[in-house]
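As provided, entry_27.txt (compact mmCIF, C-alpha atoms) reads as follows.
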```txt
# COMPACT_ATOMS: atom_id res chain seq x y z
CA MET A 1 1.42 -21.60 -1.22
CA SER A 2 -1.82 -22.37 0.57
CA THR A 3 -4.61 -24.44 -0.90
CA PRO A 4 -7.88 -23.08 -2.28
CA ALA A 5 -9.59 -24.30 0.90
CA SER A 6 -7.75 -21.57 2.81
CA VAL A 7 -9.52 -18.82 0.87
CA PRO A 8 -12.00 -17.25 3.30
CA THR A 9 -15.62 -17.41 2.21
CA VAL A 10 -16.33 -13.81 3.05
CA SER A 11 -17.89 -10.93 1.19
CA PHE A 12 -15.69 -8.04 0.18
CA ARG A 13 -16.55 -4.36 0.33
CA PHE A 14 -14.91 -1.01 -0.28
CA ALA A 15 -15.14 1.26 2.75
CA VAL A 16 -12.21 3.49 3.70
CA ALA A 17 -13.24 6.91 4.98
CA SER A 18 -10.02 7.63 6.88
CA GLU A 19 -6.53 6.29 7.51
CA ILE A 20 -7.19 5.48 11.16
CA ASP A 21 -10.66 3.92 11.49
CA PRO A 22 -10.52 0.34 12.87
CA LEU A 23 -9.26 -2.05 10.20
CA GLN A 24 -11.73 -4.65 8.90
CA GLN A 25 -10.24 -6.18 5.76
CA VAL A 26 -6.82 -5.88 4.14
CA ILE A 27 -4.94 -7.46 1.21
CA VAL A 28 -1.33 -8.49 1.83
CA HIS A 29 1.29 -10.70 0.21
CA THR A 30 3.66 -12.74 2.34
CA PRO A 31 6.77 -12.95 0.13
CA GLY A 32 7.55 -16.27 -1.49
CA VAL A 33 9.82 -17.85 -4.05
CA GLU A 34 9.67 -14.76 -6.27
CA LEU A 35 11.89 -12.95 -3.77
CA GLU A 36 14.48 -15.74 -4.00
CA LEU A 37 14.81 -15.07 -7.72
CA VAL A 38 16.17 -11.52 -7.35
CA THR A 39 19.83 -11.60 -8.40
CA PRO A 40 22.48 -8.93 -7.76
CA GLU A 41 22.49 -8.13 -11.47
CA GLN A 42 18.71 -7.72 -11.65
CA ARG A 43 18.04 -6.05 -8.32
CA LEU A 44 18.07 -2.42 -9.51
CA THR A 45 15.91 -3.24 -12.53
CA LEU A 46 13.50 -4.91 -10.10
CA LEU A 47 13.60 -1.80 -7.84
CA PHE A 48 15.41 -3.53 -4.97
CA ASP A 49 18.42 -1.96 -3.28
CA ASP A 50 19.58 -5.22 -1.72
CA ILE A 51 19.17 -9.00 -1.64
CA LEU A 52 16.84 -10.05 1.18
CA PHE A 53 17.13 -13.10 3.43
CA VAL A 54 13.78 -14.54 2.35
CA GLU A 55 13.04 -16.82 5.32
CA GLU A 56 13.58 -13.97 7.76
CA ALA A 57 11.47 -11.59 5.65
CA GLN A 58 8.67 -14.17 5.60
CA ALA A 59 8.80 -14.58 9.39
CA GLU A 60 8.63 -10.81 9.88
CA HIS A 61 5.69 -10.53 7.48
CA ARG A 62 3.80 -13.39 9.16
CA GLN A 63 4.23 -11.61 12.48
CA MET A 64 2.66 -8.51 10.96
CA CYS A 65 -0.26 -10.56 9.66
CA ALA A 66 -0.69 -12.11 13.12
CA LEU A 67 -1.01 -8.60 14.55
CA PHE A 68 -3.74 -7.79 12.05
CA GLU A 69 -5.62 -11.00 12.79
CA LYS A 70 -5.47 -10.37 16.54
CA VAL A 71 -6.67 -6.76 16.31
CA VAL A 72 -9.25 -7.22 13.55
CA GLY A 73 -10.61 -10.52 14.77
CA PRO A 74 -12.87 -12.41 12.36
CA GLU A 75 -11.61 -14.93 9.84
CA GLY A 76 -11.22 -13.45 6.39
CA ALA A 77 -9.91 -10.08 7.54
CA VAL A 78 -6.38 -10.69 6.22
CA LEU A 79 -6.50 -11.67 2.54
CA GLN A 80 -3.45 -13.08 0.76
CA ILE A 81 -3.29 -11.87 -2.83
CA THR A 82 -2.08 -15.30 -3.99
CA ASP A 83 -5.23 -16.93 -2.58
CA LEU A 84 -7.39 -14.35 -4.34
CA LEU A 85 -5.58 -14.92 -7.63
CA ARG A 86 -5.79 -18.70 -7.31
CA THR A 87 -9.56 -18.42 -6.87
CA ALA A 88 -9.81 -16.14 -9.90
CA PHE A 89 -7.66 -18.50 -11.99
CA ALA A 90 -10.11 -21.33 -11.30
CA SER A 91 -12.02 -19.68 -14.15
CA GLU A 92 -10.77 -20.48 -17.63
CA GLU A 93 -12.01 -17.07 -18.73
CA ALA A 94 -9.77 -15.42 -16.11
CA ARG A 95 -6.70 -17.38 -17.23
CA GLU A 96 -7.31 -16.47 -20.87
CA ALA A 97 -7.87 -12.81 -19.97
CA PHE A 98 -4.63 -12.72 -17.97
CA VAL A 99 -2.58 -14.19 -20.81
CA GLU A 100 -4.20 -11.99 -23.45
CA GLN A 101 -3.63 -8.79 -21.46
CA LEU A 102 -0.08 -9.84 -20.52
CA CYS A 103 0.81 -10.32 -24.17
CA ARG A 104 -0.45 -6.80 -24.92
CA LEU A 105 1.30 -5.39 -21.85
CA GLN A 106 4.73 -6.80 -22.73
CA PRO A 107 4.91 -7.18 -26.54
CA GLU A 108 8.72 -7.08 -26.45
CA ALA A 109 8.77 -10.40 -24.53
CA ASN A 110 7.21 -12.26 -27.48
CA LEU A 111 4.76 -14.00 -25.16
CA GLN A 112 2.19 -14.07 -27.95
CA ALA A 113 4.03 -17.05 -29.47
CA PHE A 114 3.19 -19.05 -26.33
CA ALA A 115 -0.24 -17.54 -25.57
CA ARG A 116 -2.15 -20.78 -26.16
CA GLU A 117 0.26 -22.83 -24.05
CA LEU A 118 0.22 -20.28 -21.23
CA ALA A 119 -3.58 -20.24 -21.15
CA ALA A 120 -3.55 -24.05 -21.03
CA LEU A 121 -1.44 -24.13 -17.85
CA SER A 122 -3.17 -25.30 -14.70
CA PRO A 123 -4.33 -22.58 -12.28
CA ASP A 124 -1.38 -23.29 -9.97
CA GLU A 125 1.12 -23.32 -12.85
CA LEU A 126 -0.17 -20.02 -14.17
CA LEU A 127 -0.15 -18.57 -10.66
CA HIS A 128 3.50 -19.61 -10.30
CA PHE A 129 4.31 -17.99 -13.66
CA ALA A 130 2.47 -14.80 -12.71
CA LEU A 131 4.57 -14.40 -9.55
CA THR A 132 7.94 -15.73 -10.67
CA GLY A 133 8.05 -15.49 -14.46
CA GLN A 134 8.92 -19.19 -14.56
CA SER A 135 6.95 -21.92 -16.35
CA PRO A 136 7.42 -25.31 -18.07
CA LEU A 137 7.52 -23.42 -21.37
CA PRO A 138 10.75 -22.23 -23.03
CA LEU A 139 10.28 -18.64 -21.89
CA ASN A 140 11.07 -16.61 -18.82
CA ALA A 141 9.98 -13.28 -17.42
CA PHE A 142 11.13 -11.25 -14.43
CA PRO A 143 9.84 -12.21 -10.97
CA LEU A 144 7.62 -9.84 -8.96
CA PRO A 145 9.42 -9.17 -5.66
CA ASN A 146 7.54 -5.86 -5.27
CA LEU A 147 4.20 -7.64 -4.97
CA LEU A 148 5.05 -7.55 -1.27
CA PHE A 149 4.03 -3.87 -1.36
CA THR A 150 0.32 -4.34 -2.06
CA ARG A 151 -0.45 -0.71 -1.16
CA ASP A 152 0.78 0.46 -4.53
CA LEU A 153 -1.68 -1.69 -6.50
CA ALA A 154 -4.73 0.41 -5.70
CA ALA A 155 -6.34 2.82 -3.26
CA VAL A 156 -9.78 2.60 -1.68
CA VAL A 157 -11.51 5.92 -1.06
CA ASN A 158 -14.88 5.73 0.64
CA ASP A 159 -16.82 3.10 -1.36
CA HIS A 160 -14.68 3.15 -4.54
CA LEU A 161 -11.37 1.55 -5.51
CA ILE A 162 -8.86 3.21 -7.85
CA VAL A 163 -6.61 0.80 -9.75
CA SER A 164 -3.03 2.03 -10.01
CA HIS A 165 -1.01 2.67 -13.15
CA PRO A 166 2.56 1.78 -12.13
CA ALA A 167 5.36 4.09 -13.18
CA THR A 168 7.82 1.28 -13.92
CA ALA A 169 7.71 -1.73 -16.23
CA ALA A 170 8.93 -3.92 -13.37
CA ARG A 171 5.55 -3.51 -11.65
CA ALA A 172 3.18 -3.59 -14.62
CA ARG A 173 2.31 -7.29 -14.18
CA GLU A 174 1.27 -6.59 -10.57
CA SER A 175 -1.50 -4.25 -11.71
CA LEU A 176 -2.65 -6.88 -14.18
CA ILE A 177 -2.85 -9.44 -11.36
CA LEU A 178 -5.07 -7.12 -9.35
CA ARG A 179 -7.24 -6.37 -12.37
CA VAL A 180 -7.83 -10.09 -12.98
CA ILE A 181 -8.76 -10.56 -9.31
CA LEU A 182 -11.19 -7.64 -9.38
CA GLU A 183 -12.80 -8.73 -12.65
CA HIS A 184 -12.97 -12.50 -12.07
CA HIS A 185 -12.94 -13.29 -8.34
CA PRO A 186 -16.57 -13.93 -7.33
CA GLY A 187 -16.15 -11.94 -4.13
CA PHE A 188 -15.85 -8.72 -6.14
CA ALA A 189 -18.81 -9.38 -8.46
CA GLY A 190 -21.05 -6.84 -6.74
CA LEU A 191 -18.38 -4.14 -6.59
CA ARG A 192 -17.28 -3.79 -10.20
CA GLU A 193 -19.26 -0.62 -10.82
CA ARG A 194 -17.27 0.97 -7.99
CA ILE A 195 -13.86 0.33 -9.56
CA ILE A 196 -12.10 3.30 -11.19
CA TYR A 197 -9.64 2.66 -14.01
CA LEU A 198 -7.32 5.42 -15.17
CA PRO A 199 -6.51 6.16 -18.82
CA GLU A 200 -3.30 5.05 -20.49
CA GLY A 201 -0.39 7.45 -20.33
CA VAL A 202 -0.70 8.56 -16.70
CA THR A 203 0.96 7.03 -13.65
CA PHE A 204 -0.46 6.63 -10.16
CA GLU A 205 0.49 4.34 -7.26
CA GLY A 206 -1.52 3.82 -4.08
CA GLY A 207 1.26 4.93 -1.73
CA ASP A 208 0.63 8.46 -2.97
CA LEU A 209 -2.96 8.62 -1.70
CA LEU A 210 -4.03 9.18 1.91
CA VAL A 211 -7.64 9.50 3.06
CA ALA A 212 -7.89 12.22 5.70
CA SER A 213 -11.70 12.17 5.91
CA PRO A 214 -14.67 11.28 3.68
CA GLU A 215 -14.30 14.73 2.08
CA VAL A 216 -10.51 15.29 2.16
CA VAL A 217 -7.82 13.29 0.33
CA LEU A 218 -4.08 13.86 0.00
CA LEU A 219 -2.25 13.02 -3.24
CA GLY A 220 1.51 12.96 -3.70
CA HIS A 221 3.06 14.21 -6.94
CA SER A 222 6.10 11.97 -6.79
CA GLU A 223 8.50 10.01 -8.95
CA ARG A 224 5.78 7.34 -9.16
CA THR A 225 2.63 9.48 -9.61
CA SER A 226 2.53 12.00 -12.46
CA LEU A 227 0.62 15.29 -12.62
CA GLY A 228 -1.68 13.60 -15.13
CA GLY A 229 -2.30 10.81 -12.62
CA VAL A 230 -3.06 13.36 -9.90
CA ALA A 231 -5.51 15.19 -12.16
CA HIS A 232 -7.36 12.06 -13.27
CA VAL A 233 -7.62 10.67 -9.74
CA ALA A 234 -8.91 14.01 -8.44
CA ARG A 235 -11.54 14.24 -11.20
CA ALA A 236 -12.71 10.69 -10.53
CA LEU A 237 -12.98 11.33 -6.80
CA PHE A 238 -14.91 14.56 -7.30
CA SER A 239 -17.37 12.96 -9.73
CA ARG A 240 -17.90 9.57 -8.06
CA THR A 241 -17.33 9.97 -4.32
CA SER A 242 -18.01 12.37 -1.46
CA VAL A 243 -14.49 13.85 -1.74
CA ARG A 244 -14.60 17.65 -2.07
CA HIS A 245 -10.98 18.61 -1.38
CA VAL A 246 -7.73 17.18 -2.72
CA LEU A 247 -4.43 18.41 -1.30
CA VAL A 248 -1.59 17.76 -3.74
CA VAL A 249 1.85 17.53 -2.11
CA ASP A 250 4.80 18.04 -4.43
CA LEU A 251 7.60 15.65 -3.46
CA PRO A 252 11.23 15.49 -4.61
CA LYS A 253 11.40 13.05 -7.51
CA GLN A 254 13.82 10.65 -5.83
CA ARG A 255 13.82 7.16 -4.36
CA ALA A 256 14.07 8.34 -0.76
CA SER A 257 10.63 9.95 -1.06
CA MET A 258 9.12 7.71 -3.72
CA HIS A 259 5.57 8.03 -2.29
CA LEU A 260 3.75 10.44 -0.01
CA ASP A 261 3.38 7.75 2.66
CA THR A 262 7.18 7.47 2.94
CA VAL A 263 7.21 10.97 4.49
CA PHE A 264 3.75 11.31 6.06
CA THR A 265 1.17 9.04 7.71
CA PHE A 266 -1.80 9.48 10.07
CA VAL A 267 -1.56 7.70 13.43
CA SER A 268 -4.62 9.10 15.25
CA ALA A 269 -7.43 11.58 14.65
CA ASN A 270 -5.20 14.53 15.54
CA GLU A 271 -1.66 13.18 15.05
CA CYS A 272 0.56 12.53 12.03
CA VAL A 273 4.12 11.25 11.76
CA VAL A 274 6.11 13.32 9.28
CA PHE A 275 9.57 13.75 7.80
CA PRO A 276 10.08 17.44 8.64
CA PRO A 277 12.52 18.52 5.88
CA ILE A 278 9.91 17.86 3.19
CA LEU A 279 6.56 18.54 4.78
CA HIS A 280 7.50 21.80 6.50
CA GLN A 281 8.40 23.37 3.17
CA GLU A 282 6.37 26.30 1.94
CA GLY A 283 4.77 26.31 -1.47
CA ASN A 284 4.71 22.56 -2.05
CA VAL A 285 0.95 22.09 -1.47
CA LEU A 286 -1.87 22.75 -3.94
CA HIS A 287 -5.53 22.65 -2.90
CA LEU A 288 -7.87 21.30 -5.62
CA MET A 289 -11.66 21.61 -5.63
CA ALA A 290 -14.16 20.72 -8.32
CA GLY A 291 -14.80 23.36 -10.98
CA ASP A 292 -17.88 24.08 -13.09
CA THR A 293 -17.01 21.33 -15.57
CA PRO A 294 -15.32 17.94 -15.07
CA GLU A 295 -12.16 19.27 -16.75
CA GLN A 296 -11.84 22.29 -14.47
CA PHE A 297 -10.43 22.68 -10.97
CA VAL A 298 -10.70 25.51 -8.52
CA THR A 299 -7.24 25.89 -6.98
CA GLU A 300 -5.54 27.69 -4.13
CA MET A 301 -2.08 27.62 -2.60
CA PRO A 302 -2.13 27.02 1.18
CA PRO A 303 0.94 28.15 3.12
CA ASP A 304 1.78 24.57 4.11
CA LEU A 305 0.22 21.15 4.59
CA LYS A 306 -0.41 21.48 8.32
CA THR A 307 -2.32 24.75 7.89
CA ALA A 308 -4.39 23.33 5.01
CA LEU A 309 -5.27 20.11 6.83
CA GLU A 310 -6.22 21.83 10.08
CA ARG A 311 -8.55 24.18 8.20
CA LEU A 312 -10.23 21.46 6.15
CA LEU A 313 -10.54 18.98 9.05
CA ASP A 314 -11.50 21.75 11.50
CA ARG A 315 -9.22 20.53 14.28
CA PRO A 316 -5.62 21.05 15.38
CA LEU A 317 -3.04 18.47 14.35
CA THR A 318 0.21 17.43 15.99
CA PHE A 319 3.03 16.62 13.57
CA ILE A 320 5.34 14.06 15.23
CA PRO A 321 8.81 14.15 13.64
CA CYS A 322 10.16 10.90 12.25
CA GLY A 323 13.59 10.43 13.86
CA GLY A 324 12.95 13.09 16.50
CA ASP A 325 14.59 16.53 16.39
CA ASN A 326 18.01 15.48 15.10
CA PRO A 327 18.29 16.03 11.29
CA VAL A 328 20.68 13.06 10.91
CA HIS A 329 18.31 10.73 12.75
CA GLN A 330 15.43 12.06 10.67
CA LYS A 331 17.17 11.20 7.41
CA ARG A 332 18.36 7.78 8.58
CA GLU A 333 14.98 6.68 9.93
CA GLN A 334 12.99 8.08 7.02
CA TRP A 335 15.21 5.93 4.78
CA THR A 336 14.17 2.86 6.80
CA ASP A 337 10.46 3.82 6.71
CA GLY A 338 10.25 5.53 10.10
CA ALA A 339 7.36 7.67 8.83
CA ASN A 340 5.53 4.74 7.22
CA PHE A 341 3.23 3.76 10.09
CA PHE A 342 0.09 1.71 9.51
CA ALA A 343 -2.92 2.32 11.75
CA LEU A 344 -4.90 -0.71 12.94
CA ALA A 345 -7.25 1.59 14.85
CA PRO A 346 -7.08 5.19 16.09
CA GLY A 347 -3.85 5.48 18.08
CA VAL A 348 -2.90 1.83 17.51
CA VAL A 349 -0.11 1.74 14.94
CA VAL A 350 2.69 -0.52 13.76
CA GLY A 351 6.13 0.46 12.47
CA TYR A 352 9.62 -1.00 12.12
CA GLU A 353 11.43 -1.64 15.41
CA ARG A 354 14.75 -0.40 14.03
CA ASN A 355 13.51 3.22 14.00
CA HIS A 356 14.45 3.81 17.63
CA TYR A 357 14.28 7.61 17.70
CA THR A 358 10.88 7.67 16.04
CA PHE A 359 9.47 5.32 18.68
CA GLU A 360 11.00 7.48 21.40
CA GLU A 361 9.15 10.42 19.88
CA MET A 362 5.92 8.39 19.92
CA ARG A 363 6.52 7.61 23.59
CA ARG A 364 6.90 11.33 24.31
CA HIS A 365 3.51 11.88 22.69
CA GLY A 366 1.74 9.48 25.02
CA TYR A 367 2.08 6.16 23.20
CA ARG A 368 2.92 2.99 25.04
CA VAL A 369 5.62 1.35 22.95
CA VAL A 370 5.53 -2.46 22.81
CA THR A 371 7.08 -5.12 20.61
CA ALA A 372 4.86 -7.16 18.31
CA GLU A 373 6.02 -10.32 20.09
CA SER A 374 5.03 -9.03 23.54
CA PHE A 375 1.71 -7.71 22.24
CA LEU A 376 0.80 -11.08 20.72
CA SER A 377 1.95 -12.93 23.82
CA TYR A 378 -0.08 -10.70 26.17
CA TYR A 379 -3.25 -11.11 24.11
CA ALA A 380 -2.70 -14.78 23.22
CA GLU A 381 -5.73 -15.93 25.21
CA SER A 382 -7.86 -12.78 25.16
CA PRO A 383 -9.27 -10.38 22.56
CA PHE A 384 -7.72 -6.98 22.00
CA VAL A 385 -10.16 -4.06 22.25
CA PRO A 386 -8.72 -0.78 20.90
CA GLY A 387 -9.53 2.55 22.49
CA THR A 388 -8.19 2.10 26.01
CA GLU A 389 -4.72 3.54 25.30
CA LYS A 390 -2.44 4.67 22.51
CA LEU A 391 -0.08 1.91 21.33
CA ALA A 392 2.94 2.03 19.03
CA ILE A 393 3.83 -1.56 18.11
CA LYS A 394 7.39 -2.35 17.05
CA LEU A 395 7.58 -4.90 14.24
CA GLU A 396 10.82 -6.74 13.55
CA GLY A 397 11.61 -5.56 10.05
CA ASN A 398 15.36 -5.83 9.58
CA GLU A 399 14.91 -7.78 6.33
CA LEU A 400 11.61 -6.32 5.15
CA SER A 401 12.91 -2.77 5.53
CA ARG A 402 15.73 -3.54 3.07
CA GLY A 403 13.04 -3.78 0.40
CA ARG A 404 12.32 -0.04 0.89
CA GLY A 405 8.77 -0.18 2.20
CA GLY A 406 7.15 -0.15 5.65
CA PRO A 407 3.95 -1.56 7.17
CA ARG A 408 1.70 0.88 5.31
CA CYS A 409 3.42 -0.01 2.02
CA MET A 410 2.70 -3.71 2.67
CA THR A 411 -1.06 -3.28 3.16
CA LEU A 412 -4.03 -2.60 0.89
CA PRO A 413 -7.03 -1.95 3.15
CA LEU A 414 -10.38 -2.70 1.54
CA ALA A 415 -12.52 -1.74 4.50
CA ARG A 416 -12.34 0.09 7.80
CA GLN A 417 -15.15 0.45 10.30
CA PRO A 418 -16.20 4.12 10.48
CA LEU A 419 -16.24 5.49 13.98
CA GLY A 420 -19.70 6.44 15.20
```

Using structure tokens, write down the structure from this file.
Amino acid sequence: MSTPASVPTVSFRFAVASEIDPLQQVIVHTPGVELELVTPEQRLTLLFDDILFVEEAQAEHRQMCALFEKVVGPEGAVLQITDLLRTAFASEEAREAFVEQLCRLQPEANLQAFARELAALSPDELLHFALTGQSPLPLNAFPLPNLLFTRDLAAVVNDHLIVSHPATAARARESLILRVILEHHPGFAGLRERIIYLPEGVTFEGGDLLVASPEVVLLGHSERTSLGGVAHVARALFSRTSVRHVLVVDLPKQRASMHLDTVFTFVSANECVVFPPILHQEGNVLHLMAGDTPEQFVTEMPPDLKTALERLLDRPLTFIPCGGDNPVHQKREQWTDGANFFALAPGVVVGYERNHYTFEEMRRHGYRVVTAESFLSYYAESPFVPGTEKLAIKLEGNELSRGRGGPRCMTLPLARQPLG
């Protein structure tokens, strides 16, 4: 883990008005020792399908971060969640709050018996416990291998941030980590009135929210985001932001399509990458608008997502099929996150190299396809300025993809620069 001196002295802000505006600031987590603690017996409980080769996963993730730093530019654009938590834990109040809330969150673990000792741990010791579940005390908790997927912790919409309510106990401590950062890291002190917390009893994860425009948001009703979560997020957006339209996409409640962004992502102003079998279905989209009271919605049923989006955004959209036209390739590459692109700027996107047919489809739609290694080598001595051409960057992700999440899953953007 890096030292506190590595924490960038930058101000934070919430500003995400679309999925494709140039990236300015993003929270990530390069996997660490917590991933080495996933055993074959625990892996399904911890939501992992396989055991990852940690050193290779780390190298792949660092390459992704290097891409972000090259494209975004200034120091402090790529924020490691461990550095943010270490800074928050410098405050005794933050450490006590974390332990107190953790004891309430997991009463079955009997952590209350060690609450005083946990709060007395040094910031680094408590940080290690938060990530791994290990401490000098005679207690153990599960590690947090899913912290790698920072997208699910929250979602920024315009100038507000919505804190997730995870659907599984395995990820509950992750949300607590983010809450402690938001409430105790000095960089967020001026933003706390713009943080939206959801009530108990509903579930919502950030991978189910996509920002199409300042007025239009997509929400997935998935195995991870309940109808109650959808309703509460929509109400909060209508009352506190400029959002006027929420398109709810009903997804199969299965691991293959655990979040909306596993089957649909924006790659440019008029292009999306989609998994056709799900998003070409009729009757799986509900259009929500604000009603006369906060508890009411005005609703309509568009024929399909493409029709609804084109009408609300007032422009035609091209849906690029993940895996190309072959149904077998579509299923295989959706499973390895072929639809989970992350946009660094309009038409500049990154995805996993292994999804060959998806990248061929991007090439057919005018993208120059390059590897992350060649991109970084070419721009090693010069800045990258987006806007000159469309680029689809192939990231080595043979290990990362085994964790069931792509580049968008591994990123929590705080701010993008709106296009003028």

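Of the residues under consideration (A:Ala231, A:Ala90, A:Leu85, A:Val33), A:Ala231 shows the shortest atom-to-atom contact distance to A:Gln296 when counting only C-alpha atoms.
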
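Among the candidate residues A:Leu260, A:Leu176, A:Val78, A:Leu247, the one lying nearest to A:Thr307 is A:Leu247, with distances computed using all atoms listed in the file.
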
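Picture a line from atom CA of A:Phe275 to atom CA of A:Tyr357; it runs 12.6 Å.
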
Residue with the minimum atom-to-atom distance to A:Leu161, picked from A:Pro413, A:Pro22, A:Gly32, A:Gly324 with only C-alpha atoms counted, is A:Pro413

Nearest to A:Leu210, chosen from A:His165, A:Arg364, A:His259, A:Arg235, with all atoms listed in the file counted in the distances: A:His259

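Nearest-residue note for A:Gln25: choosing from A:Glu125, A:Glu389, A:Asp325, A:Glu75, the minimum distance belongs to A:Glu75, counting only C-alpha atoms.
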
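Across the structure, atom CA of A:Thr132 and atom CA of A:Ala97 are spaced 18.6 Å apart.
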
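Taking atom CA of A:Leu198 and atom CA of A:Gly228 as endpoints, the distance between them is 9.9 Å.
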
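In this comparison, which uses all atoms listed in the file, the residue of A:Phe384, A:Gly220, A:Ser164, A:Leu35 approaching A:Gly201 most closely is A:Ser164.
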
Which centre and which edge lengths, in Å to one decimal, describe the axis-aligned box that holds all listed atoms of stretch 50-69 of chain A after 5 Å is added on each side, as AutoDock Vina command-line options?
```
--center_x 7.0 --center_y -11.0 --center_z 6.4 --size_x 35.2 --size_y 21.6 --size_z 26.3
```

Would you kindly return, as number ranges by chain, each protein, DNA or RNA residue with an atom no farther than 9 Å from any atom of A:Met258, considering all atoms listed in the file and excluding same-chain residues fewer than 5 positions away? A: 207-208, 222-225, 251-253

Write out as an mmCIF file with C-alpha atoms, in the frame of the given file which residues come within 8 Å of A:Leu127 when counting all atoms listed in the file, dropping same-chain ones fewer than 6 positions away.
```cif
data_model
loop_
_atom_site.group_PDB
_atom_site.id
_atom_site.type_symbol
_atom_site.label_atom_id
_atom_site.label_comp_id
_atom_site.auth_asym_id
_atom_site.auth_seq_id
_atom_site.Cartn_x
_atom_site.Cartn_y
_atom_site.Cartn_z
ATOM 1 C CA THR A 82 -2.080 -15.300 -3.990
ATOM 2 C CA LEU A 85 -5.580 -14.920 -7.630
ATOM 3 C CA ARG A 86 -5.790 -18.700 -7.310
ATOM 4 C CA PHE A 89 -7.660 -18.500 -11.990
#
```

Could you add N, CA, C and O atoms to stretch 218-230 of chain A and give me the result as an mmCIF file, in the frame of the given file?
```cif
data_model
loop_
_atom_site.group_PDB
_atom_site.id
_atom_site.type_symbol
_atom_site.label_atom_id
_atom_site.label_comp_id
_atom_site.auth_asym_id
_atom_site.auth_seq_id
_atom_site.Cartn_x
_atom_site.Cartn_y
_atom_site.Cartn_z
ATOM 1 N N LEU A 218 -5.405 13.355 0.355
ATOM 2 C CA LEU A 218 -4.080 13.860 0.000
ATOM 3 C C LEU A 218 -3.531 13.026 -1.151
ATOM 4 O O LEU A 218 -3.666 11.794 -1.164
ATOM 5 N N LEU A 219 -2.893 13.694 -2.122
ATOM 6 C CA LEU A 219 -2.250 13.020 -3.240
ATOM 7 C C LEU A 219 -0.814 13.518 -3.351
ATOM 8 O O LEU A 219 -0.563 14.724 -3.315
ATOM 9 N N GLY A 220 0.121 12.593 -3.486
ATOM 10 C CA GLY A 220 1.510 12.960 -3.700
ATOM 11 C C GLY A 220 1.824 13.033 -5.181
ATOM 12 O O GLY A 220 1.472 12.130 -5.938
ATOM 13 N N HIS A 221 2.470 14.138 -5.592
ATOM 14 C CA HIS A 221 3.060 14.210 -6.940
ATOM 15 C C HIS A 221 4.515 13.817 -6.769
ATOM 16 O O HIS A 221 5.326 14.598 -6.277
ATOM 17 N N SER A 222 4.824 12.579 -7.135
ATOM 18 C CA SER A 222 6.100 11.970 -6.790
ATOM 19 C C SER A 222 6.777 11.413 -8.024
ATOM 20 O O SER A 222 6.307 11.611 -9.147
ATOM 21 N N GLU A 223 7.862 10.675 -7.814
ATOM 22 C CA GLU A 223 8.500 10.010 -8.950
ATOM 23 C C GLU A 223 7.631 8.882 -9.487
ATOM 24 O O GLU A 223 7.862 8.396 -10.591
ATOM 25 N N ARG A 224 6.637 8.454 -8.744
ATOM 26 C CA ARG A 224 5.780 7.340 -9.160
ATOM 27 C C ARG A 224 4.378 7.783 -9.594
ATOM 28 O O ARG A 224 3.661 7.007 -10.214
ATOM 29 N N THR A 225 3.958 8.991 -9.244
ATOM 30 C CA THR A 225 2.630 9.480 -9.610
ATOM 31 C C THR A 225 2.785 10.810 -10.343
ATOM 32 O O THR A 225 3.296 11.786 -9.785
ATOM 33 N N SER A 226 2.355 10.829 -11.605
ATOM 34 C CA SER A 226 2.530 12.000 -12.460
ATOM 35 C C SER A 226 1.443 13.040 -12.192
ATOM 36 O O SER A 226 0.420 12.757 -11.556
ATOM 37 N N LEU A 227 1.656 14.251 -12.718
ATOM 38 C CA LEU A 227 0.620 15.290 -12.620
ATOM 39 C C LEU A 227 -0.661 14.841 -13.329
ATOM 40 O O LEU A 227 -1.766 15.127 -12.871
ATOM 41 N N GLY A 228 -0.497 14.133 -14.446
ATOM 42 C CA GLY A 228 -1.680 13.600 -15.130
ATOM 43 C C GLY A 228 -2.420 12.601 -14.266
ATOM 44 O O GLY A 228 -3.648 12.586 -14.229
ATOM 45 N N GLY A 229 -1.660 11.754 -13.546
ATOM 46 C CA GLY A 229 -2.300 10.810 -12.620
ATOM 47 C C GLY A 229 -3.035 11.530 -11.515
ATOM 48 O O GLY A 229 -4.161 11.174 -11.157
ATOM 49 N N VAL A 230 -2.415 12.562 -10.948
ATOM 50 C CA VAL A 230 -3.060 13.360 -9.900
ATOM 51 C C VAL A 230 -4.368 13.948 -10.423
ATOM 52 O O VAL A 230 -5.413 13.876 -9.762
#
```
